[in-house]
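A short write-up of the structure that comes next.
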2 protein chains.
Amino acid sequence: MKVGTYFSENSKAAFKNDPPGAWMPNLPDGCIRLSSGYPDPALIPAEEIKAAVARLLDEEHDLPLHYLGSPRVTRLKQQIQKRLAERGVFVSEEQLLITSGACQAIDLIARILLDDQAVVAVESPTYMEALEIFQNYTKQIISIPIDGQGIRTDRLKEMLVERKRNGLALPRFLYTIPTYQNPTGTTTSTERRKHLLELSSEFDFLILEDDAYGELSFDKNPPPIKSFDECGRVLHVGSLSKVVAPGMRIGWIAGDSEFIKASEWFKKDLDHPFSQSTMAVYLENTNFEKRLHLLKDVYRAKCAVLLRAMEQFLPDPVSWYVPAGGYFVWVRIPGVDTSELLPQALAEGVSYVPGKYFFLNQSDGTEFLRLSFSYANEKEIIDGIQRLGRVIAPFLNGLPDPEVNDTNAPTP
Amino acid sequence: MKVGTYFSENSKAAFKNDPPGAWMPNLPDGCIRLSSGYPDPALIPAEEIKAAVARLLDEEHDLPLHYLGSPRVTRLKQQIQKRLAERGVFVSEEQLLITSGACQAIDLIARILLDDQAVVAVESPTYMEALEIFQNYTKQIISIPIDGQGIRTDRLKEMLVERKRNGLALPRFLYTIPTYQNPTGTTTSTERRKHLLELSSEFDFLILEDDAYGELSFDKNPPPIKSFDECGRVLHVGSLSKVVAPGMRIGWIAGDSEFIKASEWFKKDLDHPFSQSTMAVYLENTNFEKRLHLLKDVYRAKCAVLLRAMEQFLPDPVSWYVPAGGYFVWVRIPGVDTSELLPQALAEGVSYVPGKYFFLNQSDGTEFLRLSFSYANEKEIIDGIQRLGRVIAPFLNGLPDPEVNDTNAPTP
């Protein structure tokens, strides 16, 4: 019996795509993980979570272990509302849905808005898991390039004008990570954020703002696009994965109340009372501003260590974009296919994510790779970049084109 | 701006259905909850979960709080494999997916198998949340009646033969709850379980076996349909919600490895490491057979209390089916619309779920209601049934047909 013959047409089409997680390198033991977009292990508040569970169950007994009943599930929403308000995003309880991480939020939004006739626009490069998700729904994905100021809204406008002129469907939504983008680390300028909103109104599409890294500035957090949104065009997706702990699976959608209500039709894992109410207790007992300061200090320092190591140990033609926050540095090695380089790097004991997975057209990404400074410690980062330098050298020596010597930042 | 105009065609169709949870009564303060299919609060192992979290985080520190990393996420799978094996269901790690409860499992299966051209067969009545889920995907749902021996496989066969003769699409799968069915409490006989498998092979459909109550026999648990499945036609869905705690959101799909692999394309909430590894520690430290004995003793006793109270306090024409396990008793009040009765019951301080929500054609269910003996304690159960009796009496007195005096069990 071949179970695949029973699949729906949509499923059959989806299964022709790469399997989920194809981008994840198979790590050998002891490998230095510059591929992992995980928080720093030392910043995971394991003791505080333990205390939060003890307090929760002492106070509420069985309540958080039922389907419904813990008042703290509601309080978590209020806490997230409050945090959003501090960033200029004012939403009511009806405009907020707690999800199991940002990925589920993106998937729910795609599920509600997309069918195989729908068009969606994305930045190029963009978050590989979002690409995986959108490809489950439609083949009509349009890439808009980004540069050091974030998404090229001029190019977006050109595309919109041209499609409109030719009578083609306009995007139902644009997916953007405006702050400390995954994978490039770039941040969209305030001017472009406002331009995006103007275009969304003029050409009548929604904006899916993925703000997973939005609080992890090395200096001052830029205001989310949602904070400028006056007519409810922005679906703001956030997460506590990068600032507390991904294993708790807490994310959200903040947006139009009709949309939030609609999400309930499809969010069939229901609320997660145990992890949601544990998180509520954790937040009650945490000075979150102080915690964010600590996170920023740690990641700023680790990013600086990574950049210094790259300057010291990576050969000349390698270039990168210097981020102002987040978890990632985006690297270009001219003339080198980073997928071919990866097995050597893993054999040397260091991992990264090849650039191709962040592009709809994978061949656009061959020369790029994503490094993460979030998970490895400072010593590992230095050691990892030394190893990477050793691995890159012979690839560069084997280059057919000896002129390659571009020390500019990559057009990220 | 009307966000609904951006929805996909499939979403627009789904939003014409009743909103999720429409069946859930709005409980006044202090209401006796005979509507809630929740475990007994005294059986929720809150202290043990607290201890499990403490042990987990002491031993594994940050690991269960990352995306991946806790060895116990894998161990939970092994523990569930072991429990399934004890019931005659032998699956490999590749044939098992941990989900966020049984509902997510059902939704994933529907998502992979159904499109708006697909036909699905369900028992009538059946689990209202499953009906909600299937209606998100297709309008082509076929109801097969059940009786005291479970699903009428003769009627299923008639339907299949007739559709085949007329060149109509056959169901892609049949959804069944063979053991202590929700809402009727009925159990499908072994003979019919085997007949179902024969039909699935002859008419080439899959079986979605929802086994959420399968271990909650008052006596001996019947073998799951999956235990007779030799060619991989059964997707077995289970859950720890009814035997441990629903707030932990742990369910599963056990079935064909190709299907399990396919599920990963759409399960975008990812694993839930914190709750899954906590559950693994809890199971490590629990004598589960002993726990099941306790659960059976408690629920057997509470069911007996409910049935005695019903005999004592419900007027003559009311009839019900006596279950051999599970959480529910299915009741018929001839000539009374239980949706109209509900506001009176709630005003009197007792809740139930009106029968109509368990039927595709809601008018088939007007005379029925579902009582749960799982959540309320024995005193509340007796009190609740007294209240219900008081509420029913005037409705029966107002009956146009004085002959109604049917003490037979309902054809459930």
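Going through the structure tokens in order, the chains are called A, B, and so on, while each chain numbers its residues from 1 and the ligands are numbered from 1 in the order shown.
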Residue contacts of stretch 145-147 of chain B (10 Å, only C-alpha atoms) excluding same-chain residues fewer than 5 positions away, as a ChimeraX atom specification: /B:122-126,152-156,184,186-188,321,410-412
Residue hits in chain A, query chain B, radius 7 Å, only C-alpha atoms, as a compact mmCIF listing (two decimals) with all heavy atoms, in the first residue's frame:
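Resulting contents of part-v7.txt:
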```txt
# COMPACT_ATOMS: atom_id res chain seq x y z
N MET A 1 0.83 -1.20 0.00
CA MET A 1 0.00 0.00 0.00
C MET A 1 0.88 1.26 0.00
O MET A 1 1.75 1.40 0.85
CB MET A 1 -0.89 0.00 1.25
CG MET A 1 -2.20 0.71 1.06
SD MET A 1 -2.87 1.22 2.67
CE MET A 1 -1.67 2.42 3.21
N VAL A 3 0.80 4.99 0.76
CA VAL A 3 -0.09 5.95 1.40
C VAL A 3 -0.11 7.28 0.64
O VAL A 3 -1.10 8.01 0.66
CB VAL A 3 0.30 6.12 2.89
CG1 VAL A 3 1.48 7.04 3.05
CG2 VAL A 3 -0.88 6.60 3.71
N TYR A 6 -3.06 8.58 -1.44
CA TYR A 6 -4.27 9.11 -0.80
C TYR A 6 -4.17 10.62 -0.52
O TYR A 6 -5.13 11.22 -0.08
CB TYR A 6 -4.56 8.38 0.52
CG TYR A 6 -4.75 6.90 0.34
CD1 TYR A 6 -3.66 6.04 0.32
CD2 TYR A 6 -6.02 6.36 0.14
CE1 TYR A 6 -3.82 4.68 0.13
CE2 TYR A 6 -6.19 5.00 -0.05
CZ TYR A 6 -5.08 4.17 -0.06
OH TYR A 6 -5.26 2.82 -0.25
N PHE A 7 -2.98 11.18 -0.73
CA PHE A 7 -2.76 12.59 -0.36
C PHE A 7 -3.59 13.52 -1.23
O PHE A 7 -3.87 13.24 -2.38
CB PHE A 7 -1.28 12.96 -0.49
CG PHE A 7 -0.37 12.29 0.52
CD1 PHE A 7 1.01 12.40 0.41
CD2 PHE A 7 -0.89 11.55 1.57
CE1 PHE A 7 1.85 11.79 1.33
CE2 PHE A 7 -0.05 10.93 2.50
CZ PHE A 7 1.32 11.06 2.36
N SER A 8 -3.94 14.66 -0.65
CA SER A 8 -4.63 15.70 -1.42
C SER A 8 -3.69 16.27 -2.48
O SER A 8 -2.46 16.13 -2.37
CB SER A 8 -5.10 16.81 -0.49
OG SER A 8 -4.00 17.58 -0.07
N SER A 11 -1.18 18.57 -0.95
CA SER A 11 -0.11 17.88 -0.23
C SER A 11 0.90 17.30 -1.21
O SER A 11 2.11 17.42 -1.02
CB SER A 11 -0.67 16.73 0.62
OG SER A 11 -1.63 17.20 1.52
N PRO A 19 12.47 18.69 1.83
CA PRO A 19 11.89 18.40 3.15
C PRO A 19 12.21 19.51 4.15
O PRO A 19 13.23 20.18 4.00
CB PRO A 19 12.56 17.09 3.57
CG PRO A 19 13.76 16.97 2.71
CD PRO A 19 13.52 17.74 1.46
N PRO A 20 11.33 19.73 5.13
CA PRO A 20 11.60 20.74 6.15
C PRO A 20 12.93 20.43 6.85
O PRO A 20 13.26 19.28 7.07
CB PRO A 20 10.44 20.58 7.14
CG PRO A 20 9.42 19.75 6.46
CD PRO A 20 10.09 18.99 5.38
N TYR A 38 20.09 29.55 17.96
CA TYR A 38 19.59 29.29 19.32
C TYR A 38 20.09 30.39 20.24
O TYR A 38 21.16 30.95 20.02
CB TYR A 38 20.15 27.97 19.84
CG TYR A 38 19.62 26.70 19.24
CD1 TYR A 38 19.13 26.65 17.94
CD2 TYR A 38 19.63 25.52 19.99
CE1 TYR A 38 18.67 25.46 17.41
CE2 TYR A 38 19.16 24.34 19.45
CZ TYR A 38 18.69 24.30 18.16
OH TYR A 38 18.23 23.12 17.65
N PRO A 41 23.24 29.38 25.63
CA PRO A 41 22.80 28.46 26.70
C PRO A 41 22.85 29.09 28.08
O PRO A 41 21.99 28.81 28.92
CB PRO A 41 23.81 27.30 26.60
CG PRO A 41 24.31 27.34 25.20
CD PRO A 41 24.29 28.79 24.78
N ILE A 44 19.63 31.00 28.98
CA ILE A 44 18.36 30.29 29.13
C ILE A 44 18.03 30.24 30.62
O ILE A 44 18.82 29.73 31.42
CB ILE A 44 18.49 28.84 28.58
CG1 ILE A 44 18.71 28.84 27.08
CG2 ILE A 44 17.28 27.99 28.99
CD1 ILE A 44 17.49 28.98 26.23
N ALA A 46 16.82 28.54 33.06
CA ALA A 46 16.31 27.23 33.49
C ALA A 46 15.87 27.25 34.96
O ALA A 46 14.79 26.74 35.31
CB ALA A 46 17.36 26.15 33.25
N LYS A 50 12.05 26.68 36.39
CA LYS A 50 11.78 25.67 37.42
C LYS A 50 11.00 26.32 38.57
O LYS A 50 9.98 25.77 39.03
CB LYS A 50 13.10 25.08 37.92
CG LYS A 50 12.94 23.92 38.87
CD LYS A 50 14.28 23.27 39.17
CE LYS A 50 14.94 23.92 40.36
NZ LYS A 50 16.23 23.28 40.72
N VAL A 53 7.38 27.10 37.54
CA VAL A 53 6.49 25.93 37.55
C VAL A 53 6.07 25.60 38.98
O VAL A 53 4.89 25.35 39.25
CB VAL A 53 7.17 24.71 36.88
CG1 VAL A 53 6.38 23.44 37.14
CG2 VAL A 53 7.33 24.95 35.38
N ALA A 54 7.05 25.64 39.89
CA ALA A 54 6.73 25.31 41.28
C ALA A 54 5.69 26.29 41.83
O ALA A 54 4.68 25.89 42.43
CB ALA A 54 8.01 25.35 42.13
N LEU A 57 2.15 25.75 40.11
CA LEU A 57 1.38 24.57 40.53
C LEU A 57 1.04 24.63 42.02
O LEU A 57 0.00 24.11 42.43
CB LEU A 57 2.13 23.29 40.16
CG LEU A 57 2.28 23.10 38.63
CD1 LEU A 57 3.08 21.83 38.31
CD2 LEU A 57 0.93 23.04 37.92
N HIS A 61 -2.58 24.60 41.39
CA HIS A 61 -2.83 23.16 41.44
C HIS A 61 -3.11 22.60 40.04
O HIS A 61 -2.29 22.77 39.15
CB HIS A 61 -3.94 22.85 42.44
CG HIS A 61 -3.72 23.55 43.75
ND1 HIS A 61 -2.76 23.15 44.65
CD2 HIS A 61 -4.28 24.67 44.27
CE1 HIS A 61 -2.75 23.99 45.69
NE2 HIS A 61 -3.68 24.92 45.48
N ASP A 62 -4.29 22.00 39.85
CA ASP A 62 -4.58 21.34 38.57
C ASP A 62 -4.93 22.31 37.43
O ASP A 62 -4.91 21.92 36.27
CB ASP A 62 -5.73 20.34 38.75
CG ASP A 62 -7.00 21.02 39.24
OD1 ASP A 62 -6.96 21.66 40.31
OD2 ASP A 62 -8.04 20.93 38.55
N PRO A 64 -3.67 24.80 35.54
CA PRO A 64 -2.92 24.97 34.29
C PRO A 64 -2.70 23.66 33.54
O PRO A 64 -2.10 23.67 32.47
CB PRO A 64 -1.57 25.53 34.74
CG PRO A 64 -1.64 25.64 36.22
CD PRO A 64 -2.84 24.98 36.73
N LEU A 65 -3.19 22.57 34.11
CA LEU A 65 -2.99 21.27 33.46
C LEU A 65 -4.27 20.78 32.78
O LEU A 65 -4.31 19.69 32.21
CB LEU A 65 -2.47 20.25 34.48
CG LEU A 65 -1.07 20.62 35.01
CD1 LEU A 65 -0.70 19.80 36.25
CD2 LEU A 65 -0.01 20.44 33.93
N HIS A 66 -5.34 21.57 32.87
CA HIS A 66 -6.57 21.28 32.10
C HIS A 66 -6.52 21.97 30.74
O HIS A 66 -5.59 22.71 30.45
CB HIS A 66 -7.79 21.77 32.88
CG HIS A 66 -8.14 20.90 34.05
ND1 HIS A 66 -8.61 19.62 33.91
CD2 HIS A 66 -8.08 21.13 35.38
CE1 HIS A 66 -8.83 19.09 35.11
NE2 HIS A 66 -8.50 19.99 36.03
N TYR A 67 -7.56 21.76 29.95
CA TYR A 67 -7.65 22.46 28.66
C TYR A 67 -7.74 23.97 28.86
O TYR A 67 -7.10 24.75 28.17
CB TYR A 67 -8.90 22.01 27.88
CG TYR A 67 -8.86 20.58 27.42
CD1 TYR A 67 -9.52 19.58 28.12
CD2 TYR A 67 -8.18 20.24 26.26
CE1 TYR A 67 -9.49 18.27 27.68
CE2 TYR A 67 -8.15 18.92 25.82
CZ TYR A 67 -8.82 17.94 26.53
OH TYR A 67 -8.79 16.65 26.10
N SER A 100 2.20 28.82 19.04
CA SER A 100 3.33 27.99 19.44
C SER A 100 4.55 28.41 18.64
O SER A 100 4.97 27.72 17.70
CB SER A 100 3.00 26.52 19.21
OG SER A 100 1.94 26.11 20.03
N GLY A 101 5.10 29.54 18.99
CA GLY A 101 6.26 30.07 18.29
C GLY A 101 5.87 30.87 17.06
O GLY A 101 4.71 30.84 16.62
N CYS A 103 6.89 30.43 14.00
CA CYS A 103 6.64 29.59 12.82
C CYS A 103 5.17 29.23 12.70
O CYS A 103 4.60 29.27 11.61
CB CYS A 103 7.45 28.30 12.90
SG CYS A 103 8.95 28.38 11.94
N GLN A 104 4.56 28.83 13.80
CA GLN A 104 3.14 28.51 13.73
C GLN A 104 2.33 29.76 13.35
O GLN A 104 1.35 29.66 12.61
CB GLN A 104 2.62 27.95 15.06
CG GLN A 104 1.21 27.39 14.90
CD GLN A 104 0.52 27.08 16.22
OE1 GLN A 104 0.66 27.80 17.19
NE2 GLN A 104 -0.23 25.99 16.23
N ASP A 107 2.67 30.21 9.68
CA ASP A 107 1.90 29.17 9.00
C ASP A 107 0.40 29.47 9.05
O ASP A 107 -0.31 29.30 8.06
CB ASP A 107 2.20 27.81 9.63
CG ASP A 107 1.54 26.66 8.86
OD1 ASP A 107 1.71 26.61 7.63
OD2 ASP A 107 0.84 25.85 9.49
N ILE A 112 -4.49 31.07 6.21
CA ILE A 112 -5.73 31.85 6.10
C ILE A 112 -5.74 32.68 4.81
O ILE A 112 -6.79 32.84 4.19
CB ILE A 112 -5.88 32.76 7.34
CG1 ILE A 112 -6.17 31.88 8.56
CG2 ILE A 112 -6.99 33.80 7.15
CD1 ILE A 112 -6.09 32.61 9.88
N LEU A 113 -4.57 33.14 4.39
CA LEU A 113 -4.55 34.09 3.26
C LEU A 113 -4.23 33.47 1.91
O LEU A 113 -4.61 34.03 0.88
CB LEU A 113 -3.54 35.20 3.55
CG LEU A 113 -3.84 36.09 4.76
CD1 LEU A 113 -2.73 37.11 4.95
CD2 LEU A 113 -5.19 36.81 4.61
N LEU A 114 -3.53 32.34 1.91
CA LEU A 114 -3.01 31.84 0.63
C LEU A 114 -3.77 30.64 0.09
O LEU A 114 -4.20 29.77 0.84
CB LEU A 114 -1.53 31.45 0.78
CG LEU A 114 -0.56 32.56 1.17
CD1 LEU A 114 0.86 32.00 1.24
CD2 LEU A 114 -0.63 33.73 0.22
N ASP A 115 -3.92 30.60 -1.21
CA ASP A 115 -4.27 29.37 -1.92
C ASP A 115 -3.38 29.33 -3.14
O ASP A 115 -2.55 30.22 -3.33
CB ASP A 115 -5.76 29.34 -2.27
CG ASP A 115 -6.23 30.64 -2.88
OD1 ASP A 115 -5.53 31.16 -3.77
OD2 ASP A 115 -7.28 31.15 -2.46
N ARG A 172 -1.00 39.05 -2.00
CA ARG A 172 -1.97 39.14 -0.92
C ARG A 172 -1.28 39.70 0.32
O ARG A 172 -1.86 40.42 1.09
CB ARG A 172 -2.58 37.77 -0.65
CG ARG A 172 -3.99 37.90 -0.16
CD ARG A 172 -4.83 36.69 -0.43
NE ARG A 172 -5.15 36.47 -1.82
CZ ARG A 172 -5.79 35.40 -2.26
NH1 ARG A 172 -6.18 34.46 -1.39
NH2 ARG A 172 -6.05 35.24 -3.53
N CYS A 231 -4.21 51.57 9.74
CA CYS A 231 -5.45 50.97 9.23
C CYS A 231 -5.48 49.45 9.32
O CYS A 231 -6.30 48.80 8.68
CB CYS A 231 -5.74 51.46 7.82
SG CYS A 231 -4.39 51.18 6.68
N ALA A 245 13.19 31.52 25.85
CA ALA A 245 13.60 30.14 25.58
C ALA A 245 12.69 29.54 24.51
O ALA A 245 11.47 29.50 24.68
CB ALA A 245 13.51 29.29 26.85
N PRO A 246 13.28 29.06 23.41
CA PRO A 246 12.47 28.53 22.31
C PRO A 246 11.68 27.27 22.69
O PRO A 246 10.61 27.03 22.12
CB PRO A 246 13.48 28.24 21.20
CG PRO A 246 14.82 28.23 21.85
CD PRO A 246 14.71 29.08 23.07
N GLY A 247 12.21 26.49 23.63
CA GLY A 247 11.53 25.24 24.01
C GLY A 247 10.18 25.45 24.66
O GLY A 247 9.39 24.51 24.78
N MET A 248 9.89 26.68 25.09
CA MET A 248 8.58 26.98 25.67
C MET A 248 7.53 27.18 24.58
O MET A 248 6.33 27.16 24.86
CB MET A 248 8.65 28.24 26.53
CG MET A 248 9.64 28.20 27.67
SD MET A 248 9.21 26.97 28.92
CE MET A 248 7.74 27.72 29.65
N ARG A 249 7.98 27.43 23.36
CA ARG A 249 7.10 27.61 22.20
C ARG A 249 6.04 28.69 22.43
O ARG A 249 4.84 28.40 22.38
CB ARG A 249 6.42 26.29 21.77
CG ARG A 249 7.29 25.08 21.62
CD ARG A 249 8.45 25.18 20.65
NE ARG A 249 8.10 25.59 19.30
CZ ARG A 249 8.64 26.67 18.71
NH1 ARG A 249 9.48 27.48 19.35
NH2 ARG A 249 8.33 26.95 17.49
N GLU A 258 -10.59 40.66 13.36
CA GLU A 258 -11.27 39.67 12.52
C GLU A 258 -10.29 38.57 12.11
O GLU A 258 -10.63 37.39 12.07
CB GLU A 258 -11.87 40.34 11.27
CG GLU A 258 -12.78 39.40 10.49
CD GLU A 258 -13.23 40.00 9.14
OE1 GLU A 258 -13.04 41.21 8.93
OE2 GLU A 258 -13.74 39.23 8.32
N PHE A 259 -9.07 38.98 11.83
CA PHE A 259 -8.04 38.00 11.46
C PHE A 259 -7.74 37.07 12.63
O PHE A 259 -7.63 35.85 12.48
CB PHE A 259 -6.77 38.71 10.99
CG PHE A 259 -5.81 37.75 10.37
CD1 PHE A 259 -5.82 37.52 9.00
CD2 PHE A 259 -4.91 37.04 11.15
CE1 PHE A 259 -4.96 36.59 8.43
CE2 PHE A 259 -4.05 36.11 10.58
CZ PHE A 259 -4.08 35.90 9.22
N GLU A 264 -8.59 31.14 14.92
CA GLU A 264 -9.10 30.08 15.80
C GLU A 264 -9.70 28.92 15.00
O GLU A 264 -9.77 27.80 15.48
CB GLU A 264 -10.14 30.64 16.77
CG GLU A 264 -9.49 31.54 17.80
CD GLU A 264 -10.50 32.36 18.58
OE1 GLU A 264 -11.71 32.04 18.55
OE2 GLU A 264 -10.07 33.35 19.20
N TRP A 265 -10.16 29.20 13.79
CA TRP A 265 -10.73 28.12 12.96
C TRP A 265 -9.68 27.05 12.65
O TRP A 265 -9.99 25.90 12.44
CB TRP A 265 -11.27 28.69 11.66
CG TRP A 265 -12.74 28.86 11.62
CD1 TRP A 265 -13.65 28.03 10.99
CD2 TRP A 265 -13.53 29.90 12.20
NE1 TRP A 265 -14.91 28.52 11.16
CE2 TRP A 265 -14.88 29.65 11.88
CE3 TRP A 265 -13.22 31.02 12.97
CZ2 TRP A 265 -15.92 30.49 12.31
CZ3 TRP A 265 -14.24 31.85 13.39
CH2 TRP A 265 -15.57 31.58 13.06
N LYS A 268 -5.60 24.25 15.64
CA LYS A 268 -6.23 23.10 16.28
C LYS A 268 -5.36 22.43 17.34
O LYS A 268 -5.76 21.41 17.90
CB LYS A 268 -6.65 22.08 15.22
CG LYS A 268 -7.82 22.58 14.37
CD LYS A 268 -9.03 22.88 15.25
CE LYS A 268 -10.22 23.36 14.41
NZ LYS A 268 -11.35 23.77 15.26
N ASP A 269 -4.19 22.99 17.63
CA ASP A 269 -3.45 22.49 18.79
C ASP A 269 -3.97 23.15 20.07
O ASP A 269 -3.55 22.80 21.16
CB ASP A 269 -1.95 22.73 18.64
CG ASP A 269 -1.62 24.20 18.46
OD1 ASP A 269 -2.43 24.93 17.86
OD2 ASP A 269 -0.55 24.64 18.91
N HIS A 272 -1.84 26.22 24.91
CA HIS A 272 -0.94 25.31 25.62
C HIS A 272 -0.85 25.81 27.06
O HIS A 272 0.08 26.55 27.41
CB HIS A 272 0.44 25.31 24.96
CG HIS A 272 0.45 24.62 23.64
ND1 HIS A 272 1.07 23.42 23.43
CD2 HIS A 272 -0.14 24.94 22.46
CE1 HIS A 272 0.88 23.03 22.17
NE2 HIS A 272 0.16 23.95 21.56
N PRO A 273 -1.81 25.44 27.90
CA PRO A 273 -1.93 26.07 29.23
C PRO A 273 -0.68 25.91 30.10
O PRO A 273 -0.30 26.85 30.79
CB PRO A 273 -3.12 25.35 29.86
CG PRO A 273 -3.90 24.79 28.72
CD PRO A 273 -2.88 24.48 27.66
N PHE A 274 -0.05 24.75 30.05
CA PHE A 274 1.09 24.54 30.95
C PHE A 274 2.24 25.47 30.58
O PHE A 274 2.76 26.19 31.43
CB PHE A 274 1.54 23.07 30.92
CG PHE A 274 2.72 22.78 31.79
CD1 PHE A 274 2.65 23.00 33.16
CD2 PHE A 274 3.89 22.27 31.26
CE1 PHE A 274 3.74 22.73 33.98
CE2 PHE A 274 4.99 22.00 32.07
CZ PHE A 274 4.91 22.23 33.43
```
So that I can check the secondary structure, give me every residue of stretch 36-257 of chain A assigned strand (DSSP E or B) by backbone DSSP, as an MDAnalysis selection string. chainID A and resid 96:99 120:124 141:147 150:151 173:176 206:210 217 234:239 251:254
Distance in Å - atom CA of A:Glu94 versus atom CA of A:Val237: 15.0 Å
Each residue of stretch 272-325 of chain A lying at most 6 Å from stretch 368-388 of chain A should get a row with its shortest atom-to-atom pair and the distance in Å to one decimal, counting only C-alpha atoms; could you produce that, ordered by chain and increasing number, as a Markdown table?
```
| residue | atom | partner | partner_atom | distance |
| --- | --- | --- | --- | --- |
| A:Cys303 | CA | A:Phe373 | CA | 5.8 |
| A:Ala309 | CA | A:Ile382 | CA | 5.5 |
| A:Phe313 | CA | A:Gln386 | CA | 5.5 |
```
Selected residues, N, CA, C and O atoms, written as a compact mmCIF listing (two decimals), in the first residue's frame, please.
```txt
# COMPACT_ATOMS: atom_id res chain seq x y z
N CYS A 303 29.04 39.31 19.13
CA CYS A 303 29.09 39.73 17.74
C CYS A 303 30.44 40.40 17.46
O CYS A 303 31.08 40.13 16.43
N ALA A 309 37.29 38.13 14.89
CA ALA A 309 37.86 36.86 14.44
C ALA A 309 37.79 36.76 12.92
O ALA A 309 38.73 36.27 12.28
N PHE A 313 40.96 36.06 10.72
CA PHE A 313 41.20 34.70 10.22
C PHE A 313 40.59 34.39 8.85
O PHE A 313 40.87 33.34 8.29
```
Please list as a list of chain:residue names every residue within 7 Å of stretch 333-340 of chain A, counting only C-alpha atoms and excluding residues in the same chain fewer than 2 positions away.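 Returned residues: A:Pro317, A:Val318, A:Ser319, A:Val331, A:Leu342, A:Pro343, A:Pro354, A:Thr366, A:Glu367, A:Phe368, A:Leu369, A:Phe395, A:Leu399, A:Val404.
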Using Å and a single decimal, report how far atom CA of A:Pro323 sits from atom CA of A:Val350. 21.3 Å
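Closest approach to A:Leu96 among A:Leu295, A:Leu76, A:Ile253, A:Leu208: A:Ile253, based on only C-alpha atoms.
By chain and then residue number, the residues within 12 Å of A:Phe90 are Gln78, Ile80, Gln81, Lys82, Arg83, Leu84, Leu96, Pro224, Lys226, Ser227, Phe228, Asp229, Glu230, Gly232, His236, Ala254, Gly255 and Asp256 of chain A, counting only C-alpha atoms and disregarding those fewer than 6 positions away in sequence.
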A straight line from atom CA of B:Glu86 to atom CA of B:His293 spans 15.1 Å
